[in-house]
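A.B. asks: Contents of entry.tsv (TSV, C-alpha atoms) are given next:
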chain	number	residue	atom	x	y	z
A	234	MET	CA	152.00	8.29	-53.41
A	235	ARG	CA	150.03	10.54	-51.08
A	236	GLU	CA	147.71	11.54	-53.90
A	237	ASN	CA	147.13	7.91	-54.77
A	238	ALA	CA	146.40	7.11	-51.12
A	239	ASP	CA	143.84	9.94	-50.92
A	240	ALA	CA	142.16	8.76	-54.10
A	241	ALA	CA	142.04	5.21	-52.78
A	242	LYS	CA	140.53	6.42	-49.49
A	243	GLN	CA	137.82	8.40	-51.29
A	244	LEU	CA	137.04	5.37	-53.42
A	245	GLN	CA	136.70	3.19	-50.33
A	246	GLU	CA	134.33	5.70	-48.73
A	247	ARG	CA	132.16	5.81	-51.87
A	248	GLU	CA	132.13	2.03	-52.03
A	249	ALA	CA	131.07	1.84	-48.36
A	250	GLN	CA	128.17	4.22	-48.97
A	251	LEU	CA	127.12	2.31	-52.03
A	252	ALA	CA	127.31	-0.98	-50.15
A	253	GLN	CA	125.06	0.44	-47.41
A	254	ARG	CA	122.42	1.51	-49.92
A	255	GLU	CA	122.64	-1.81	-51.69
A	256	GLN	CA	122.11	-3.59	-48.39
A	257	HIS	CA	118.95	-1.61	-47.71
A	258	VAL	CA	117.54	-2.34	-51.16
A	259	LEU	CA	118.51	-5.98	-50.74
A	260	GLN	CA	116.63	-6.22	-47.47
A	261	VAL	CA	113.48	-4.80	-49.03
A	262	ALA	CA	113.87	-7.12	-52.02
A	263	GLN	CA	114.27	-10.11	-49.73
A	264	GLN	CA	111.14	-9.07	-47.92
A	265	VAL	CA	109.28	-9.15	-51.22
A	266	GLN	CA	110.70	-12.54	-52.19
A	267	GLN	CA	109.94	-14.10	-48.80
A	268	GLY	CA	106.33	-13.01	-48.94
A	269	GLY	CA	106.66	-10.15	-46.50
A	270	LEU	CA	105.30	-7.77	-49.10
A	271	GLN	CA	102.37	-9.17	-50.99
A	272	ALA	CA	99.57	-7.51	-52.82
A	273	PRO	CA	96.43	-7.45	-50.63
A	274	THR	CA	93.49	-9.65	-51.52
A	275	PRO	CA	90.10	-7.97	-52.04
A	276	PRO	CA	87.05	-9.27	-50.19
A	277	SER	CA	85.05	-11.92	-52.06
A	278	LYS	CA	81.66	-11.48	-53.74
A	279	ASP	CA	80.26	-14.20	-51.50
A	280	LEU	CA	80.94	-12.02	-48.49
A	281	PHE	CA	79.09	-9.15	-50.14
A	282	GLU	CA	76.09	-11.37	-50.79
A	283	ASN	CA	76.05	-12.97	-47.34
A	284	ASP	CA	77.27	-10.08	-45.20
A	285	PRO	CA	77.18	-6.68	-46.91
A	286	ILE	CA	78.26	-4.83	-43.75
A	287	GLY	CA	81.16	-7.19	-43.19
A	288	TYR	CA	82.07	-6.78	-46.83
A	289	MET	CA	82.21	-2.98	-46.48
A	290	GLU	CA	84.48	-3.30	-43.45
A	291	GLU	CA	86.81	-5.67	-45.31
A	292	LYS	CA	86.72	-3.38	-48.33
A	293	MET	CA	87.90	-0.45	-46.20
A	294	LYS	CA	90.73	-2.56	-44.80
A	295	TYR	CA	91.59	-3.68	-48.29
A	296	ASP	CA	91.76	-0.12	-49.60
A	297	GLU	CA	94.10	0.86	-46.75
A	298	ALA	CA	96.27	-2.19	-47.41
A	299	VAL	CA	96.45	-1.30	-51.11
A	300	GLN	CA	97.64	2.20	-50.29
A	301	GLU	CA	100.29	0.84	-47.92
A	302	TYR	CA	101.37	-1.76	-50.47
A	303	ASN	CA	101.61	0.81	-53.27
A	304	ALA	CA	103.65	3.09	-50.99
A	305	LYS	CA	106.15	0.30	-50.26
A	306	VAL	CA	106.38	-0.68	-53.91
A	307	GLY	CA	106.98	2.96	-54.82
A	308	GLN	CA	109.69	3.14	-52.16
A	309	ILE	CA	111.44	0.10	-53.59
A	310	ARG	CA	111.35	1.52	-57.10
A	311	GLN	CA	112.60	4.88	-55.88
A	312	LEU	CA	115.47	3.28	-53.98
A	313	GLN	CA	116.43	1.20	-56.99
A	314	GLN	CA	116.37	4.25	-59.25
A	315	GLN	CA	118.42	6.29	-56.78
A	316	GLN	CA	120.89	3.47	-56.44
A	317	GLN	CA	121.28	3.22	-60.21
A	318	GLN	CA	121.78	6.96	-60.59
A	319	GLN	CA	124.27	7.13	-57.75
A	320	THR	CA	126.16	4.14	-59.08
A	321	GLN	CA	126.44	5.74	-62.50
A	322	ALA	CA	127.49	9.10	-61.01
A	323	GLN	CA	130.11	7.50	-58.79
A	324	ARG	CA	131.48	5.41	-61.63
A	325	GLN	CA	131.68	8.47	-63.88
A	326	SER	CA	133.49	10.40	-61.15
A	327	TYR	CA	135.87	7.50	-60.61
A	328	LEU	CA	136.58	7.23	-64.34
A	329	GLN	CA	137.38	10.93	-64.57
A	330	GLU	CA	139.72	10.73	-61.59
A	331	GLN	CA	141.52	7.68	-62.96
A	332	ALA	CA	141.85	9.31	-66.39
A	333	ARG	CA	143.38	12.41	-64.78
A	334	LEU	CA	145.91	10.40	-62.77
A	335	LEU	CA	146.77	8.29	-65.81
A	336	ALA	CA	147.32	11.36	-68.00
A	337	GLU	CA	149.68	12.76	-65.36
A	338	ALA	CA	151.64	9.51	-65.16
A	339	ILE	CA	151.71	8.80	-68.93
A	340	PRO	CA	151.20	12.12	-70.76
A	341	ASP	CA	151.73	10.56	-74.21
A	342	ILE	CA	148.65	8.38	-73.77
A	343	VAL	CA	146.45	11.42	-74.47
A	344	HIS	CA	148.67	12.67	-77.30
A	345	PRO	CA	146.68	12.89	-80.57
A	346	GLU	CA	149.39	11.01	-82.51
A	347	LYS	CA	151.21	8.87	-79.95
A	348	GLY	CA	148.19	7.86	-77.90
A	349	ASP	CA	146.76	5.25	-80.28
A	350	ASN	CA	150.09	3.41	-80.57
A	351	ILE	CA	150.51	3.34	-76.80
A	352	LYS	CA	146.99	2.01	-76.27
A	353	LYS	CA	147.53	-0.68	-78.89
A	354	GLY	CA	150.83	-1.59	-77.25
A	355	LEU	CA	149.13	-1.85	-73.86
A	356	MET	CA	146.46	-4.12	-75.31
A	357	ASP	CA	149.02	-6.34	-77.05
A	358	THR	CA	151.10	-6.57	-73.86
A	359	GLY	CA	148.08	-7.55	-71.79
A	360	VAL	CA	147.14	-10.26	-74.29
A	361	ALA	CA	150.74	-11.52	-74.23
A	362	TYR	CA	150.47	-11.94	-70.46
A	363	GLY	CA	147.23	-13.93	-70.76
A	364	PHE	CA	144.58	-11.22	-70.22
A	365	SER	CA	141.61	-10.96	-72.52
A	366	GLU	CA	140.69	-7.71	-74.25
A	367	GLN	CA	137.42	-7.66	-72.29
A	368	GLU	CA	139.30	-7.89	-68.99
A	369	MET	CA	141.58	-5.01	-69.94
A	370	ALA	CA	138.67	-2.91	-71.17
A	371	ASN	CA	137.01	-3.27	-67.76
A	372	ASP	CA	140.21	-2.52	-65.84
A	373	ILE	CA	140.15	1.24	-65.23
A	374	ASP	CA	142.52	1.51	-62.27
A	375	HIS	CA	145.38	3.77	-63.41
A	376	ARG	CA	147.87	1.85	-61.24
A	377	TYR	CA	147.34	-1.34	-63.23
A	378	ILE	CA	147.64	0.53	-66.51
A	379	ARG	CA	150.91	2.13	-65.36
A	380	ALA	CA	152.31	-1.28	-64.46
A	381	LEU	CA	151.18	-2.62	-67.83
A	382	ASN	CA	152.87	0.33	-69.54
A	383	ASP	CA	156.18	-0.52	-67.85
A	384	ALA	CA	155.82	-4.07	-69.15
A	385	ARG	CA	155.05	-2.70	-72.61
A	386	LYS	CA	158.24	-0.59	-72.68
A	387	TRP	CA	160.34	-3.50	-71.43
A	388	ARG	CA	158.98	-5.79	-74.15
A	389	GLU	CA	159.63	-3.18	-76.83
A	390	LEU	CA	163.19	-2.72	-75.54
A	391	GLN	CA	163.83	-6.47	-75.71
A	392	ALA	CA	162.36	-6.65	-79.22
A	393	ASN	CA	164.60	-3.78	-80.39
A	394	LYS	CA	167.66	-5.55	-78.97
A	395	VAL	CA	166.83	-8.70	-80.91
A	396	LYS	CA	166.32	-6.72	-84.12
A	397	ALA	CA	169.62	-4.90	-83.65
A	398	LYS	CA	171.43	-8.19	-83.02
A	399	GLU	CA	169.91	-9.81	-86.11
A	400	LYS	CA	170.76	-6.77	-88.20
A	401	GLY	CA	174.35	-6.78	-86.97
A	402	SER	CA	174.82	-10.49	-87.77
A	403	ASN	CA	173.74	-9.91	-91.39
A	404	VAL	CA	176.28	-7.15	-92.03
A	405	LYS	CA	179.34	-8.31	-94.02
A	406	PRO	CA	182.74	-7.23	-92.64
A	407	VAL	CA	184.17	-4.20	-94.39
A	408	ILE	CA	187.61	-4.76	-95.87
A	409	LYS	CA	189.58	-1.63	-96.65
A	410	ALA	CA	191.11	-1.30	-100.08
A	411	GLY	CA	194.58	-0.76	-98.64
A	412	ALA	CA	194.39	-3.91	-96.54
A	413	LYS	CA	193.29	-5.93	-99.57
A	414	ARG	CA	196.22	-4.63	-101.61
A	415	ARG	CA	198.61	-5.56	-98.80
A	416	GLU	CA	197.15	-9.06	-98.65
A	417	ASP	CA	197.47	-9.42	-102.41
A	418	GLY	CA	201.08	-8.22	-102.23
A	419	VAL	CA	201.99	-10.68	-99.47
A	420	SER	CA	200.38	-13.51	-101.42
A	421	ALA	CA	202.28	-12.66	-104.57
A	422	THR	CA	205.57	-12.45	-102.69
A	423	ARG	CA	205.01	-15.85	-101.09
A	424	LYS	CA	204.26	-17.42	-104.46
A	425	LYS	CA	207.50	-16.05	-105.83
A	426	GLN	CA	209.39	-17.39	-102.83
A	427	GLU	CA	207.82	-20.85	-103.29
A	428	GLN	CA	208.80	-20.90	-106.97
A	429	LYS	CA	212.35	-19.85	-106.08
A	430	PHE	CA	212.66	-22.62	-103.46
A	431	ARG	CA	211.40	-25.25	-105.92
A	432	LYS	CA	214.07	-24.22	-108.41
A	433	SER	CA	217.00	-23.85	-106.04
A	434	GLY	CA	216.18	-26.28	-103.24
A	435	SER	CA	218.54	-24.31	-101.01
A	436	ILE	CA	218.18	-24.12	-97.24
A	437	GLN	CA	218.30	-20.33	-97.33
A	438	ASP	CA	215.29	-20.16	-99.65
A	439	ALA	CA	213.41	-22.64	-97.42
A	440	VAL	CA	214.07	-20.48	-94.36
A	441	SER	CA	212.90	-17.37	-96.24
A	442	LEU	CA	209.68	-19.17	-97.23
A	443	MET	CA	208.91	-20.19	-93.61
A	444	MET	CA	209.47	-16.64	-92.37
A	445	LYS	CA	206.85	-15.22	-94.74
Give the structure from this file in structure tokens form.
C.D. replies:
Amino acid sequence: MRENADAAKQLQEREAQLAQREQHVLQVAQQVQQGGLQAPTPPSKDLFENDPIGYMEEKMKYDEAVQEYNAKVGQIRQLQQQQQQQTQAQRQSYLQEQARLLAEAIPDIVHPEKGDNIKKGLMDTGVAYGFSEQEMANDIDHRYIRALNDARKWRELQANKVKAKEKGSNVKPVIKAGAKRREDGVSATRKKQEQKFRKSGSIQDAVSLMMK
């Protein structure tokens, strides 16, 4: 439990850092969308023809604005690239950590022979509970997979109980040879007693027949 709490805390810290970077990139992106960052407009040819000196001054301002604009655009691209790289690195680190914790909790899931059956069972269990395969493929938290594994084992246990019950109901009762011979002997004796009563009609034979 303590290890899980530490892992969850580290994940929260990474998510907070990522959220901060995303917020910064978002602010710059909003600035672009709202017109706060627009490509500068060069001075017109009419200005050059009518006021060459004024044109040169505007051209100098334009060149400076272009440099500033290009610097901001480069900053945005750099931030976006860094964000993408950091997101991928953090996700990879998180996947490795979750895989390690999962292997410790369910060692057979990484077994070369048992692993495939367990994974298929987990997928079938998730589908049975209404999850799609895409949802389960995106769910990488080892805690959810452990809970799903418990559900998988419970379902398999219930299925085995049903199979055992069905198998037991189809088995014919075994009658021992000695018991069958005793039943045949009792039946033969009773028949003889019935025949004797029919011939004699005596009360003693009737009583003997009822006692059999």
A.B. asks: I'd like the interatomic distance between atom CA of Glu282 of chain A and atom CA of Asn303 of chain A, to a tenth of an Å.
C.D. replies: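 Distance reported for this atom pair: 28.4 Å.
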A.B. asks: If you measure from atom CA of Asp383 of chain A to atom CA of Ala370 of chain A, what distance in Å do you get, rounded to one decimal?
C.D. replies: 18.0 Å
A.B. asks: Work out how far apart atom CA of Phe364 of chain A and atom CA of Arg333 of chain A are and give it in Å to one decimal.
C.D. replies: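 Atom-to-atom, atom CA of Phe364 of chain A to atom CA of Arg333 of chain A, that is 24.3 Å.
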A.B. asks: Identify, on the basis of only C-alpha atoms, every residue whose closest approach to Tyr288 of chain A does not exceed 10 Å; exclude the query and any residue fewer than 5 positions from it along the same chain; express the result as a ChimeraX atom specification.
C.D. replies: /A:275-283,293-294
A.B. asks: Emit the selected residues as a compact mmCIF listing (two decimals), in the frame of the given file, including C-alpha atoms.
C.D. replies:
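Everything below was put into selection.txt:
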# COMPACT_ATOMS: atom_id res chain seq x y z
CA PRO A 275 90.10 -7.97 -52.04
CA PRO A 276 87.05 -9.27 -50.19
CA SER A 277 85.05 -11.92 -52.06
CA LYS A 278 81.66 -11.48 -53.74
CA ASP A 279 80.26 -14.20 -51.50
CA LEU A 280 80.94 -12.02 -48.49
CA PHE A 281 79.09 -9.15 -50.14
CA GLU A 282 76.09 -11.37 -50.79
CA ASN A 283 76.05 -12.97 -47.34
CA MET A 293 87.90 -0.45 -46.20
CA LYS A 294 90.73 -2.56 -44.80
A.B. asks: Compile the contact shell of Thr274 of chain A as an mmCIF file with C-alpha atoms, in the coordinates of the input: residues with an atom at most 9 Å away, counting all atoms listed in the file, same-chain residues fewer than 2 positions apart removed.
C.D. replies:
data_model
loop_
_atom_site.group_PDB
_atom_site.id
_atom_site.type_symbol
_atom_site.label_atom_id
_atom_site.label_comp_id
_atom_site.auth_asym_id
_atom_site.auth_seq_id
_atom_site.Cartn_x
_atom_site.Cartn_y
_atom_site.Cartn_z
ATOM 1 C CA GLN A 271 102.370 -9.170 -50.990
ATOM 2 C CA ALA A 272 99.570 -7.510 -52.820
ATOM 3 C CA PRO A 276 87.050 -9.270 -50.190
ATOM 4 C CA SER A 277 85.050 -11.920 -52.060
ATOM 5 C CA TYR A 295 91.590 -3.680 -48.290
ATOM 6 C CA ALA A 298 96.270 -2.190 -47.410
ATOM 7 C CA VAL A 299 96.450 -1.300 -51.110
#
A.B. asks: From the set A:Gln316, A:Gly307, A:Ile351, A:Glu368, which residue has the shortest atom-to-atom contact distance to Glu389 of chain A, counting all atoms listed in the file?
C.D. replies: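 Smallest separation from Glu389 of chain A among the options: A:Ile351.
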A.B. asks: Using all atoms listed in the file, which residue out of A:Pro273, A:Gly354, A:Gly359, A:Gly401 lies closest to Lys386 of chain A?
C.D. replies: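 Of the candidates, the smallest distance to Lys386 of chain A is held by A:Gly354.
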A.B. asks: Counting all atoms listed in the file, which of A:Tyr362, A:Trp387, A:Tyr302, A:Tyr327 gets nearest to Asp374 of chain A?
C.D. replies: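 Of all the options, A:Tyr327 lies closest to Asp374 of chain A.
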A.B. asks: Using all atoms listed in the file, which of A:Glu346, A:Asp357, A:Asp372, A:Asp284 sits nearest Gln331 of chain A?
C.D. replies: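 Closest to Gln331 of chain A of all the choices is A:Asp372.
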A.B. asks: Of the candidates A:Ile373, A:Ala384, A:Met289, A:Ala397, which one gets nearest to Leu334 of chain A if we count all atoms listed in the file?
C.D. replies: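 So, comparing all the options, the nearest one is A:Ile373.
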A.B. asks: As a PyMOL selection string, please: the residues near Leu335 of chain A (cut-off 12 Å, only C-alpha atoms, same-chain neighbours under 4 positions excluded).
C.D. replies: chain A and resi 237+328-331+339-343+373-382
